[in-house]
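Asker: Got model00.txt for you, compact mmCIF, C-alpha atoms:
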# COMPACT_ATOMS: atom_id res chain seq x y z
CA MET A 1 105.41 112.43 167.71
CA SER A 2 107.22 112.76 171.03
CA ASN A 3 110.96 113.07 170.84
CA SER A 4 112.39 111.88 174.13
CA ILE A 5 111.91 108.45 175.60
CA GLU A 6 110.19 109.89 178.68
CA GLU A 7 107.71 111.87 176.59
CA TYR A 8 107.07 108.84 174.41
CA LEU A 9 106.43 106.63 177.43
CA ALA A 10 104.18 109.26 179.01
CA GLU A 11 102.11 109.41 175.82
CA LEU A 12 101.88 105.63 175.69
CA ARG A 13 100.95 105.45 179.39
CA LYS A 14 98.14 107.97 178.87
CA ARG A 15 96.62 105.88 176.06
CA LEU A 16 97.15 102.47 177.57
CA SER A 17 95.92 103.25 181.07
CA LYS A 18 92.43 103.96 179.70
CA ARG A 19 92.03 100.33 178.67
CA LEU A 20 94.60 98.14 180.43
CA SER A 21 95.16 97.28 184.06
CA GLN A 22 97.87 99.08 186.00
CA SER A 23 100.19 96.04 186.07
CA GLU A 24 99.77 95.46 182.31
CA VAL A 25 100.61 99.10 181.62
CA GLU A 26 103.68 98.98 183.87
CA ASP A 27 104.93 95.74 182.29
CA HIS A 28 104.54 97.11 178.82
CA LEU A 29 106.18 100.43 179.62
CA ALA A 30 109.14 98.68 181.28
CA GLU A 31 109.63 96.56 178.17
CA THR A 32 109.26 99.57 175.88
CA ARG A 33 111.75 101.55 177.97
CA GLN A 34 114.22 98.67 177.76
CA HIS A 35 113.85 98.55 173.97
CA LEU A 36 114.11 102.31 173.49
CA GLU A 37 117.19 102.59 175.71
CA CYS A 38 118.96 99.82 173.77
CA ALA A 39 118.04 101.43 170.44
CA SER A 40 119.01 104.85 171.68
CA ALA A 41 122.40 103.60 172.88
CA GLU A 42 123.02 102.09 169.48
CA ASN A 43 121.92 105.23 167.64
CA GLY A 44 124.13 107.43 169.77
CA GLU A 45 123.40 108.90 173.18
CA GLY A 46 121.49 112.15 173.46
CA PRO A 47 118.26 113.60 172.14
CA GLU A 48 119.07 112.64 168.55
CA GLY A 49 119.51 108.98 169.43
CA GLU A 50 116.31 108.98 171.49
CA LYS A 51 114.37 110.64 168.67
CA LYS A 52 115.51 108.00 166.19
CA ALA A 53 114.65 105.21 168.63
CA THR A 54 111.12 106.50 169.32
CA GLN A 55 110.48 107.10 165.62
CA ALA A 56 111.54 103.56 164.78
CA PHE A 57 109.32 102.23 167.54
CA GLY A 58 106.20 103.66 165.91
CA ASP A 59 103.37 106.12 166.40
CA PRO A 60 102.12 105.80 170.02
CA GLN A 61 98.48 106.14 168.93
CA LYS A 62 98.64 103.24 166.45
CA LEU A 63 100.81 101.23 168.75
CA SER A 64 98.51 101.62 171.74
CA THR A 65 95.64 100.19 169.67
CA GLN A 66 97.75 97.15 168.77
CA ILE A 67 98.84 96.67 172.36
CA ILE A 68 95.25 96.91 173.59
CA ASP A 69 94.25 94.32 170.98
CA ALA A 70 96.90 91.96 172.25
CA HIS A 71 96.48 92.59 175.96
CA SER A 72 92.96 93.59 176.69
CA PRO A 73 90.40 90.94 177.40
CA ARG A 74 87.83 93.46 176.25
CA ARG A 75 87.99 92.88 172.53
CA PRO A 76 87.99 89.08 172.66
CA TRP A 77 85.13 89.31 175.13
CA SER A 78 83.25 91.65 172.84
CA ALA A 79 83.87 89.53 169.78
CA ALA A 80 82.92 86.35 171.58
CA GLY A 81 79.79 88.01 172.95
CA ALA A 82 78.82 89.41 169.60
CA ILE A 83 79.33 86.16 167.73
CA ALA A 84 77.62 84.20 170.49
CA CYS A 85 74.59 86.41 169.98
CA LEU A 86 74.91 85.99 166.26
CA VAL A 87 74.87 82.22 166.66
CA GLY A 88 72.32 82.25 169.44
CA VAL A 89 69.69 84.41 167.83
CA PRO A 90 69.14 82.34 164.66
CA LEU A 91 69.01 79.22 166.80
CA SER A 92 66.50 80.99 169.00
CA LEU A 93 64.43 81.90 165.99
CA LEU A 94 64.41 78.33 164.76
CA LEU A 95 63.31 77.04 168.12
CA VAL A 96 60.74 79.78 168.52
CA ALA A 97 59.36 79.05 165.07
CA PHE A 98 59.18 75.38 165.97
CA LEU A 99 57.54 75.92 169.32
CA PHE A 100 55.28 78.92 168.89
CA GLN A 101 54.26 79.05 165.27
CA LYS A 102 51.35 81.35 165.92
CA SER A 103 52.81 83.35 168.75
CA TYR A 104 53.52 86.84 167.44
CA GLY A 105 54.70 87.95 170.87
CA MET A 106 57.68 85.62 170.70
CA TRP A 107 58.50 86.78 167.18
CA THR A 108 58.59 90.34 168.44
CA VAL A 109 60.98 89.35 171.21
CA SER A 110 63.21 87.55 168.69
CA ALA A 111 63.23 90.53 166.34
CA SER A 112 64.31 92.73 169.25
CA PHE A 113 67.19 90.38 169.94
CA ILE A 114 68.28 90.55 166.31
CA ILE A 115 68.40 94.34 166.47
CA LEU A 116 70.34 94.14 169.71
CA THR A 117 72.78 91.68 168.13
CA VAL A 118 73.38 93.85 165.09
CA LEU A 119 74.11 96.84 167.32
CA PHE A 120 76.36 94.71 169.48
CA VAL A 121 78.38 93.47 166.50
CA CYS A 122 78.65 97.00 165.09
CA PHE A 123 80.06 98.27 168.38
CA SER A 124 82.44 95.39 168.92
CA VAL A 125 84.05 95.50 165.46
CA ARG A 126 84.62 99.25 165.69
CA ASN A 127 88.21 100.14 166.37
CA GLY A 128 88.52 101.43 169.91
CA SER A 129 85.15 100.01 170.80
CA PRO A 130 83.50 101.73 173.76
CA LEU A 131 82.26 98.35 174.97
CA SER A 132 83.12 97.57 178.54
CA LYS A 133 83.62 94.08 179.88
CA GLN A 134 80.23 94.35 181.61
CA ILE A 135 78.44 95.10 178.34
CA ALA A 136 80.26 92.22 176.67
CA VAL A 137 79.13 89.92 179.48
CA ALA A 138 75.59 91.23 179.06
CA GLY A 139 75.86 90.40 175.35
CA LEU A 140 76.99 86.88 176.14
CA ALA A 141 74.12 86.53 178.58
CA VAL A 142 71.66 87.60 175.90
CA GLY A 143 73.22 85.18 173.45
CA PHE A 144 73.08 82.30 175.90
CA LEU A 145 70.05 82.81 178.08
CA PHE A 146 67.46 83.14 175.38
CA PRO A 147 68.38 79.87 173.63
CA MET A 148 68.69 78.25 177.05
CA LEU A 149 65.17 79.32 177.91
CA GLU A 150 63.94 78.01 174.60
CA CYS A 151 65.76 74.72 175.09
CA PHE A 152 64.04 74.40 178.42
CA MET A 153 60.67 75.10 176.89
CA PHE A 154 61.40 72.76 173.98
CA VAL A 155 62.09 69.92 176.37
CA THR A 156 59.44 70.58 178.95
CA THR A 157 56.46 71.56 176.85
CA MET A 158 54.61 70.33 173.84
CA PRO A 159 51.97 72.40 172.08
CA GLU A 160 49.85 69.33 171.31
CA VAL A 161 49.26 68.75 175.00
CA GLY A 162 49.49 72.33 176.19
CA HIS A 163 52.20 73.94 178.26
CA GLY A 164 53.16 72.29 181.46
CA LEU A 165 55.73 69.98 182.90
CA VAL A 166 55.23 67.31 180.30
CA PRO A 167 58.55 66.32 178.75
CA ARG A 168 58.40 66.54 174.98
CA PHE A 169 59.84 63.06 174.36
CA GLU A 170 57.48 61.55 176.91
CA ALA A 171 54.54 63.51 175.59
CA LYS A 172 55.10 61.88 172.20
CA SER A 173 54.67 58.38 173.58
CA TYR A 174 51.75 59.66 175.61
CA ILE A 175 50.06 61.02 172.50
CA ALA A 176 50.76 57.73 170.72
CA ALA A 177 49.10 55.89 173.63
CA PHE A 178 46.18 58.29 173.50
CA ASN A 179 45.80 57.72 169.75
CA LYS A 180 45.93 53.96 170.24
CA GLU A 181 43.25 54.12 172.93
CA SER A 182 41.14 56.47 170.84
CA ALA A 183 41.38 54.05 167.89
CA GLN A 184 40.40 51.11 170.10
CA LEU A 185 37.42 53.00 171.52
CA ALA A 186 36.38 54.21 168.06
CA SER A 187 36.32 50.68 166.63
CA ILE A 188 34.33 49.45 169.64
CA LYS A 189 31.96 52.37 169.28
CA LYS A 190 31.47 51.50 165.62
CA LEU A 191 30.69 47.88 166.50
CA VAL A 192 28.13 48.99 169.12
CA SER A 193 26.63 51.53 166.75
CA ASN A 194 26.24 48.86 164.06
CA ALA A 195 24.63 46.52 166.60
CA ARG A 196 22.24 49.26 167.74
CA GLN A 197 21.21 49.96 164.14
CA ALA A 198 20.92 46.26 163.22
CA TYR A 199 19.15 44.92 166.35
CA GLY A 200 17.59 48.03 167.87
CA ALA A 201 16.42 49.91 164.75
CA ASP A 202 16.08 46.67 162.75
CA SER A 203 18.01 48.17 159.83
CA LYS A 204 18.66 45.64 157.06
CA VAL A 205 21.61 47.69 155.80
CA PHE A 206 23.43 47.26 159.12
CA ARG A 207 22.49 43.58 159.48
CA SER A 208 25.37 42.54 157.20
CA LYS A 209 27.79 44.58 159.29
CA VAL A 210 27.22 42.43 162.39
CA GLN A 211 27.19 39.19 160.44
CA THR A 212 30.26 36.89 160.44
CA ALA A 213 30.93 33.39 159.04
CA THR A 214 29.72 31.78 162.27
CA GLY A 215 26.69 33.95 162.94
CA TYR A 216 25.66 37.38 164.30
CA VAL A 217 27.88 39.28 166.72
CA VAL A 218 26.41 40.98 169.79
CA PRO A 219 28.63 43.22 171.96
CA VAL A 220 28.20 42.31 175.61
CA ARG A 221 30.44 44.54 177.69
CA LEU A 222 33.48 46.76 177.58
CA ILE A 223 36.69 45.39 179.07
CA THR A 224 39.22 47.95 180.29
CA THR A 225 42.72 46.76 181.24
CA TYR A 226 44.85 49.43 182.91
CA LEU A 227 48.50 49.17 181.95
CA ARG A 228 51.49 49.45 184.24
CA GLY A 229 52.69 53.06 184.14
CA TYR A 230 49.96 54.83 182.27
CA GLY A 231 47.29 54.13 179.68
CA ALA A 232 44.84 51.31 179.15
CA ASN A 233 43.74 48.69 176.62
CA TYR A 234 40.11 48.63 175.60
CA SER A 235 38.39 45.59 174.16
CA VAL A 236 34.85 44.36 173.91
CA GLU A 237 33.37 41.06 175.00
CA THR A 238 31.06 39.66 172.33
CA ARG A 239 28.70 36.74 171.85
CA THR A 240 28.03 35.19 168.46
CA LEU A 241 24.60 33.69 167.87
CA ALA A 242 23.64 31.50 164.95
CA THR A 243 20.51 33.36 163.84
CA PHE A 244 19.66 37.04 163.59
CA ASP A 245 16.50 36.61 165.71
CA ASP A 246 18.47 35.02 168.57
CA ALA A 247 21.03 37.78 168.37
CA LYS A 248 18.31 40.44 168.43
CA ILE A 249 16.70 38.87 171.51
CA PHE A 250 20.08 38.72 173.23
CA TRP A 251 20.78 42.40 172.42
CA GLU A 252 17.39 43.46 173.80
CA GLU A 253 17.98 41.44 176.97
CA SER A 254 21.37 43.08 177.40
CA ALA A 255 19.80 46.48 176.96
CA ARG A 256 17.61 45.84 179.95
CA TRP A 257 20.60 45.47 182.25
CA GLY A 258 22.34 48.43 180.62
CA ALA A 259 25.34 47.27 178.68
CA PHE A 260 25.62 48.71 175.19
CA SER A 261 22.26 50.07 174.27
CA THR A 262 22.02 53.79 174.87
CA VAL A 263 23.09 56.09 177.63
CA ASP A 264 19.46 56.37 178.75
CA ASP A 265 19.11 52.61 179.06
CA ARG A 266 22.16 52.01 181.17
CA ALA A 267 21.65 50.75 184.66
CA GLY A 268 23.39 52.24 187.67
CA ASP A 269 27.03 53.20 187.07
CA ALA A 270 27.75 50.55 184.47
CA SER A 271 30.62 51.55 182.18
CA THR A 272 29.47 52.27 178.65
CA ILE A 273 31.34 53.24 175.54
CA GLU A 274 29.89 56.72 175.86
CA ASP A 275 31.30 56.95 179.37
CA GLU A 276 34.74 55.87 178.27
CA LEU A 277 34.85 58.24 175.32
CA GLN A 278 34.05 61.15 177.59
CA LYS A 279 37.10 60.51 179.75
CA PRO A 280 39.69 63.30 179.67
CA ILE A 281 42.46 60.83 178.99
CA LEU A 282 45.12 63.39 178.09
CA SER A 283 44.61 65.30 181.30
CA GLU A 284 45.03 62.13 183.31
CA TYR A 285 48.30 61.40 181.54
CA ARG A 286 49.62 64.88 182.08
CA VAL A 287 49.03 64.80 185.84
CA PHE A 288 50.67 61.41 186.01
CA LEU A 289 53.73 62.39 183.91
CA SER A 290 54.42 65.68 185.64
CA ASP A 291 55.05 63.81 188.86
CA TYR A 292 57.72 61.39 187.78
CA GLN A 293 59.33 62.30 184.47
CA SER A 294 60.60 65.81 185.09
CA TRP A 295 64.14 64.74 185.95
CA GLN A 296 64.50 63.25 182.47
CA ALA A 297 63.38 66.55 180.97
CA LEU A 298 65.96 68.31 183.09
CA ALA A 299 68.73 65.97 181.91
CA VAL A 300 67.88 66.54 178.25
CA TYR A 301 67.66 70.27 178.88
CA ILE A 302 71.13 70.35 180.44
CA LEU A 303 72.57 68.32 177.55
CA LEU A 304 71.04 70.64 174.95
CA MET A 305 72.22 73.69 176.87
CA VAL A 306 75.79 72.39 177.11
CA VAL A 307 75.95 71.58 173.38
CA LEU A 308 74.46 74.93 172.40
CA ASN A 309 76.69 76.95 174.69
CA TYR A 310 79.76 74.98 173.61
CA LEU A 311 78.99 75.93 170.02
CA CYS A 312 78.37 79.55 171.00
CA VAL A 313 81.75 79.77 172.70
CA SER A 314 83.88 77.62 170.40
CA ILE A 315 82.75 79.10 167.08
CA PRO A 316 84.01 82.62 167.95
CA ILE A 317 87.27 81.15 169.28
CA TRP A 318 87.86 79.15 166.10
CA PHE A 319 86.97 82.23 164.11
CA ARG A 320 89.42 84.42 166.01
CA ARG A 321 92.22 81.86 165.72
CA ALA A 322 91.66 81.54 162.00
CA MET A 323 91.75 85.30 161.56
CA ARG A 324 94.87 85.92 163.64
CA ARG A 325 97.66 86.75 161.15
CA ARG A 326 99.80 89.82 161.41
CA PRO A 327 101.70 91.22 158.43
CA ILE A 328 104.93 93.19 158.66
CA SER A 329 106.19 95.67 156.16
CA THR A 330 109.44 97.22 155.11
CA MET B 1 109.22 97.46 148.36
CA ALA B 2 106.16 96.29 150.28
CA PHE B 3 106.66 92.89 151.76
CA LYS B 4 104.20 90.87 153.77
CA SER B 5 105.03 87.88 155.85
CA ASP B 6 104.19 86.09 159.08
CA LEU B 7 105.71 87.91 162.02
CA ASP B 8 104.86 85.12 164.47
CA THR B 9 106.85 82.57 162.47
CA MET B 10 109.86 84.84 162.21
CA ILE B 11 109.85 85.49 165.94
CA LEU B 12 109.67 81.76 166.64
CA ALA B 13 112.49 81.09 164.16
CA VAL B 14 114.74 83.65 165.82
CA LEU B 15 114.01 82.29 169.29
CA ARG B 16 114.70 78.70 168.20
CA THR B 17 118.45 79.13 168.65
CA GLU B 18 118.54 81.27 171.81
CA SER B 19 116.45 83.24 174.28
CA MET B 20 116.36 87.00 173.65
CA HIS B 21 114.68 90.19 174.72
CA GLY B 22 112.52 92.22 172.36
CA TYR B 23 115.17 94.52 170.96
CA GLU B 24 117.48 91.59 170.21
CA ILE B 25 114.66 89.80 168.39
CA ALA B 26 114.05 92.85 166.18
CA LYS B 27 117.76 93.14 165.45
CA ALA B 28 118.13 89.43 164.73
CA ILE B 29 115.29 89.50 162.18
CA LYS B 30 116.86 92.49 160.47
CA GLN B 31 120.35 90.98 160.43
CA ARG B 32 119.39 87.43 159.40
CA SER B 33 117.35 88.76 156.49
CA ALA B 34 120.35 90.86 155.39
CA GLU B 35 118.28 93.95 156.24
CA VAL B 36 115.58 93.04 153.70
CA LEU B 37 113.01 92.59 156.49
CA LYS B 38 112.60 95.17 159.19
CA VAL B 39 110.12 94.54 161.94
CA GLY B 40 108.08 97.57 162.96
CA GLU B 41 109.68 97.61 166.38
CA GLY B 42 106.53 98.58 168.25
CA GLN B 43 104.53 95.85 166.47
CA LEU B 44 106.86 93.22 167.80
CA TYR B 45 105.63 93.42 171.39
CA PRO B 46 101.91 92.88 170.79
CA ALA B 47 102.90 89.89 168.65
CA LEU B 48 105.16 88.56 171.41
CA HIS B 49 102.42 88.95 174.00
CA ILE B 50 99.94 87.03 171.88
CA LEU B 51 102.51 84.26 171.37
CA GLU B 52 103.07 84.21 175.13
CA ARG B 53 99.34 84.07 175.81
CA ASP B 54 99.01 81.16 173.38
CA GLY B 55 101.87 79.28 175.09
CA LEU B 56 104.18 79.38 172.07
CA VAL B 57 106.82 81.44 173.87
CA LYS B 58 107.49 82.02 177.54
CA ALA B 59 108.87 85.16 179.12
CA GLU B 60 110.85 85.86 182.28
CA TRP B 61 112.00 89.09 183.81
CA GLU B 62 115.77 89.04 184.32
CA GLN B 63 117.14 91.37 186.95
CA GLN B 64 120.30 93.32 186.03
CA LEU B 65 122.70 94.93 188.41
CA GLY B 66 122.19 98.71 188.37
CA LYS B 67 119.96 98.56 185.31
CA PRO B 68 116.24 98.03 184.70
CA ALA B 69 115.08 94.39 184.44
CA LYS B 70 114.92 92.79 180.99
CA LYS B 71 112.09 90.59 179.75
CA ILE B 72 113.63 87.55 178.09
CA TYR B 73 111.60 85.43 175.69
CA SER B 74 112.24 81.78 174.85
CA ILE B 75 110.42 79.30 172.63
CA THR B 76 108.29 76.55 174.19
CA GLU B 77 107.81 73.00 172.94
CA ALA B 78 104.45 74.01 171.43
CA GLY B 79 106.18 76.94 169.74
CA ALA B 80 108.84 74.65 168.26
CA LYS B 81 106.13 72.37 166.87
CA LYS B 82 104.28 75.31 165.38
CA LEU B 83 107.51 76.57 163.82
CA ALA B 84 108.25 73.18 162.23
CA LYS B 85 104.76 73.13 160.75
CA GLN B 86 105.06 76.68 159.43
CA LYS B 87 108.48 75.93 157.96
CA LYS B 88 107.13 72.92 156.10
CA GLU B 89 104.31 75.01 154.65
CA TRP B 90 106.73 77.78 153.69
CA ASP B 91 109.09 75.31 151.95
CA SER B 92 106.30 73.88 149.85
CA PHE B 93 105.08 77.40 149.02
CA VAL B 94 108.59 78.48 147.92
CA ALA B 95 109.03 75.28 145.89
CA GLY B 96 105.70 75.86 144.17
CA VAL B 97 106.33 79.52 143.34
CA GLY B 98 109.92 78.73 142.25
CA ALA B 99 108.68 76.06 139.86
CA ILE B 100 106.19 78.46 138.30
CA LEU B 101 108.73 81.24 137.90
CA ASN B 102 111.25 78.86 136.29
CA LEU B 103 108.65 77.63 133.88
CA GLU B 104 107.40 81.05 132.81
CA GLY B 105 110.63 82.96 132.72
CA GLY B 106 112.94 80.22 131.58
CA HIS B 107 115.34 81.27 134.29
CA VAL B 108 115.13 82.80 137.74
Starting from the coordinates I provided, produce the structure as structure tokens.

Answerer:
Amino acid sequence: MSNSIEEYLAELRKRLSKRLSQSEVEDHLAETRQHLECASAENGEGPEGEKKATQAFGDPQKLSTQIIDAHSPRRPWSAAGAIACLVGVPLSLLLVAFLFQKSYGMWTVSASFIILTVLFVCFSVRNGSPLSKQIAVAGLAVGFLFPMLECFMFVTTMPEVGHGLVPRFEAKSYIAAFNKESAQLASIKKLVSNARQAYGADSKVFRSKVQTATGYVVPVRLITTYLRGYGANYSVETRTLATFDDAKIFWEESARWGAFSTVDDRAGDASTIEDELQKPILSEYRVFLSDYQSWQALAVYILLMVVLNYLCVSIPIWFRRAMRRRPIST
Amino acid sequence: MAFKSDLDTMILAVLRTESMHGYEIAKAIKQRSAEVLKVGEGQLYPALHILERDGLVKAEWEQQLGKPAKKIYSITEAGAKKLAKQKKEWDSFVAGVGAILNLEGGHV
């Protein structure tokens, strides 16, 4: 250990100036000099007094580490970056698992981030970490950007409808509408199919399926009502005739002008069930939604991003505050 | 004897009565504890800087005629609140340990 105050301060300056700014080093050295001079004066002037003062002040190597801990923004940055990654990566994995269950490419990317995080934490907890502020910022960026990207994808895409600018929450109502329309069309198709079997093929098994309490039902035409916004309601206009023979004649007459018989029988561009069921309904919805709902997706994305990043930043801060306790010894 | 305690709280307690520079704080802790507690003098400054960063103490450089400037520390309102809280916790800790020692040893 250095004996004189000047030697002690020179040693401390050498160690501190590697990590702290010039003004921080100067402030600390001025304060240390003030302390050592007071102690030296009390111990007795001269080399002996200075030696006692510097010895009581502590080993410059250990002390410089403590001072760097207290002063340098590097270690808090490193710790915050490391823990942000630690928080961010599992969240990323969860989101990735949710979004891309069969995408091995994304799993590989996530695994790479885990390895990066582990290395990052190992470096940052090491005493005298070689991490620079830039690397710590890069760590934070890794911790934040990947979940942010996933949040964006979570909000703006939905695997059920493919990847595109279809907001997830909107896509759900859009799929519900599609399912409702599909169910309506399926029940109409069943009614037409029963009528075709009963009246066209003269099947006795299907005759009971078109029979009601008031007579025999004959589908006449498909009614499509387009809803405000998107989607449509499908219903079928029917006629009920008292006897089966009347109903059969009516069905055959209808077939001539191409309502619900077969695709081959239809006249001109009349809308048939077969036509309607061929419509790419989902694609129509997607084009429609991408035009006007994207701002909502953006708002939800920003909200998710803010919450996630708040957690990424605040958890390491809470952690550091909880851990900050310094013992003294005699 | 090895003794562990909370350096931050002791610094705040010393600064409660008057503003001081680092060396005076170290001396005050030593004197008030009847030399039972000695602060590692070098350790004091990192602790002071963290307290300053957290707003529990404030520091000002005081110019002296013909001598180097001194950095004087004083407690802030937040520091006083923190000290009161720590003191309350310490009192209940001492009361608890004292009760146990009385019970087991019969006398302390």

Asker: Considering all atoms listed in the file, extract the chain B residues located within 12 Å of chain A and return them as a PyMOL selection string.

Answerer: chain B and resi 1-11+20-27+29-30+33+35-54+59-62+64+67-73

Asker: Choose the residue, out of A:Ala195, A:Ala255, A:Ile188, A:Val210, that has the smallest atom-to-atom separation from Ile223 of chain A; count all atoms listed in the file.

Answerer: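 Distance minimum relative to Ile223 of chain A lands on A:Ile188.
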
Asker: Could you pull the residues within 6 Å of Thr238 of chain A, counting all atoms listed in the file, minus those fewer than 4 positions along the same chain, as a VMD selection string?

Answerer: chain A and resid 218 to 220

Asker: Quick check, in Å to one decimal: how far apart do atom CA of Ala10 of chain A and atom CA of Lys58 of chain B lie?

Answerer: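 Answer for the atom CA of Ala10 of chain A to atom CA of Lys58 of chain B separation: 27.5 Å.
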
Asker: If you measure from atom CA of Gln22 of chain A to atom CA of Ser4 of chain A, what distance in Å do you get, rounded to one decimal?

Answerer: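 So the answer is 22.7 Å.
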
Asker: Mind pulling up the distance from atom CA of Val217 of chain A to atom CA of Val205 of chain A?

Answerer: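 Taking atom CA of Val205 of chain A and atom CA of Val217 of chain A, their separation equals 15.1 Å.
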
Asker: What's around Lys82 of chain B at 12 Å? Count only C-alpha atoms, leave out sequence neighbours fewer than 3 positions away in its own chain, and write the answer as a PyMOL selection string.

Answerer: chain B and resi 8-13+16+51+54-57+75-79+85-89

Asker: Write a file of the just-selected residues containing C-alpha atoms, as a PDB file, keeping the file's coordinate frame.

Answerer:
ATOM      1  CA  ASP B   8     104.860  85.120 164.470  1.00  0.00           C
ATOM      2  CA  THR B   9     106.850  82.570 162.470  1.00  0.00           C
ATOM      3  CA  MET B  10     109.860  84.840 162.210  1.00  0.00           C
ATOM      4  CA  ILE B  11     109.850  85.490 165.940  1.00  0.00           C
ATOM      5  CA  LEU B  12     109.670  81.760 166.640  1.00  0.00           C
ATOM      6  CA  ALA B  13     112.490  81.090 164.160  1.00  0.00           C
ATOM      7  CA  ARG B  16     114.700  78.700 168.200  1.00  0.00           C
ATOM      8  CA  LEU B  51     102.510  84.260 171.370  1.00  0.00           C
ATOM      9  CA  ASP B  54      99.010  81.160 173.380  1.00  0.00           C
ATOM     10  CA  GLY B  55     101.870  79.280 175.090  1.00  0.00           C
ATOM     11  CA  LEU B  56     104.180  79.380 172.070  1.00  0.00           C
ATOM     12  CA  VAL B  57     106.820  81.440 173.870  1.00  0.00           C
ATOM     13  CA  ILE B  75     110.420  79.300 172.630  1.00  0.00           C
ATOM     14  CA  THR B  76     108.290  76.550 174.190  1.00  0.00           C
ATOM     15  CA  GLU B  77     107.810  73.000 172.940  1.00  0.00           C
ATOM     16  CA  ALA B  78     104.450  74.010 171.430  1.00  0.00           C
ATOM     17  CA  GLY B  79     106.180  76.940 169.740  1.00  0.00           C
ATOM     18  CA  LYS B  85     104.760  73.130 160.750  1.00  0.00           C
ATOM     19  CA  GLN B  86     105.060  76.680 159.430  1.00  0.00           C
ATOM     20  CA  LYS B  87     108.480  75.930 157.960  1.00  0.00           C
ATOM     21  CA  LYS B  88     107.130  72.920 156.100  1.00  0.00           C
ATOM     22  CA  GLU B  89     104.310  75.010 154.650  1.00  0.00           C
TER      23      GLU B  89
END

Asker: Could I get segment 17-33 of chain B rebuilt with N, CA and C atoms, written as an mmCIF file, in the frame of the given file?

Answerer:
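Contents of part_37.cif, freshly written:
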data_model
loop_
_atom_site.group_PDB
_atom_site.id
_atom_site.type_symbol
_atom_site.label_atom_id
_atom_site.label_comp_id
_atom_site.auth_asym_id
_atom_site.auth_seq_id
_atom_site.Cartn_x
_atom_site.Cartn_y
_atom_site.Cartn_z
ATOM 1 N N THR B 17 117.039 79.348 168.305
ATOM 2 C CA THR B 17 118.450 79.130 168.650
ATOM 3 C C THR B 17 118.794 79.621 170.049
ATOM 4 N N GLU B 18 118.219 80.760 170.459
ATOM 5 C CA GLU B 18 118.540 81.270 171.810
ATOM 6 C C GLU B 18 117.431 82.181 172.331
ATOM 7 N N SER B 19 117.419 82.338 173.651
ATOM 8 C CA SER B 19 116.450 83.240 174.280
ATOM 9 C C SER B 19 116.926 84.680 174.102
ATOM 10 N N MET B 20 115.991 85.595 173.908
ATOM 11 C CA MET B 20 116.360 87.000 173.650
ATOM 12 C C MET B 20 115.316 87.936 174.238
ATOM 13 N N HIS B 21 115.702 89.203 174.394
ATOM 14 C CA HIS B 21 114.680 90.190 174.720
ATOM 15 C C HIS B 21 114.212 90.858 173.426
ATOM 16 N N GLY B 22 113.191 91.679 173.537
ATOM 17 C CA GLY B 22 112.520 92.220 172.360
ATOM 18 C C GLY B 22 113.431 92.900 171.364
ATOM 19 N N TYR B 23 114.297 93.767 171.872
ATOM 20 C CA TYR B 23 115.170 94.520 170.960
ATOM 21 C C TYR B 23 116.085 93.583 170.188
ATOM 22 N N GLU B 24 116.601 92.566 170.882
ATOM 23 C CA GLU B 24 117.480 91.590 170.210
ATOM 24 C C GLU B 24 116.737 90.818 169.122
ATOM 25 N N ILE B 25 115.462 90.525 169.393
ATOM 26 C CA ILE B 25 114.660 89.800 168.390
ATOM 27 C C ILE B 25 114.531 90.662 167.130
ATOM 28 N N ALA B 26 114.201 91.942 167.325
ATOM 29 C CA ALA B 26 114.050 92.850 166.180
ATOM 30 C C ALA B 26 115.347 92.937 165.380
ATOM 31 N N LYS B 27 116.449 93.041 166.124
ATOM 32 C CA LYS B 27 117.760 93.140 165.450
ATOM 33 C C LYS B 27 118.095 91.859 164.702
ATOM 34 N N ALA B 28 117.808 90.728 165.348
ATOM 35 C CA ALA B 28 118.130 89.430 164.730
ATOM 36 C C ALA B 28 117.370 89.243 163.423
ATOM 37 N N ILE B 29 116.076 89.636 163.417
ATOM 38 C CA ILE B 29 115.290 89.500 162.180
ATOM 39 C C ILE B 29 115.905 90.349 161.074
ATOM 40 N N LYS B 30 116.277 91.564 161.453
ATOM 41 C CA LYS B 30 116.860 92.490 160.470
ATOM 42 C C LYS B 30 118.188 91.938 159.930
ATOM 43 N N GLN B 31 119.033 91.461 160.842
ATOM 44 C CA GLN B 31 120.350 90.980 160.430
ATOM 45 C C GLN B 31 120.262 89.701 159.598
ATOM 46 N N ARG B 32 119.457 88.731 160.093
ATOM 47 C CA ARG B 32 119.390 87.430 159.400
ATOM 48 C C ARG B 32 118.768 87.563 158.017
ATOM 49 N N SER B 33 117.948 88.592 157.829
ATOM 50 C CA SER B 33 117.350 88.760 156.490
ATOM 51 C C SER B 33 118.207 89.696 155.637
#
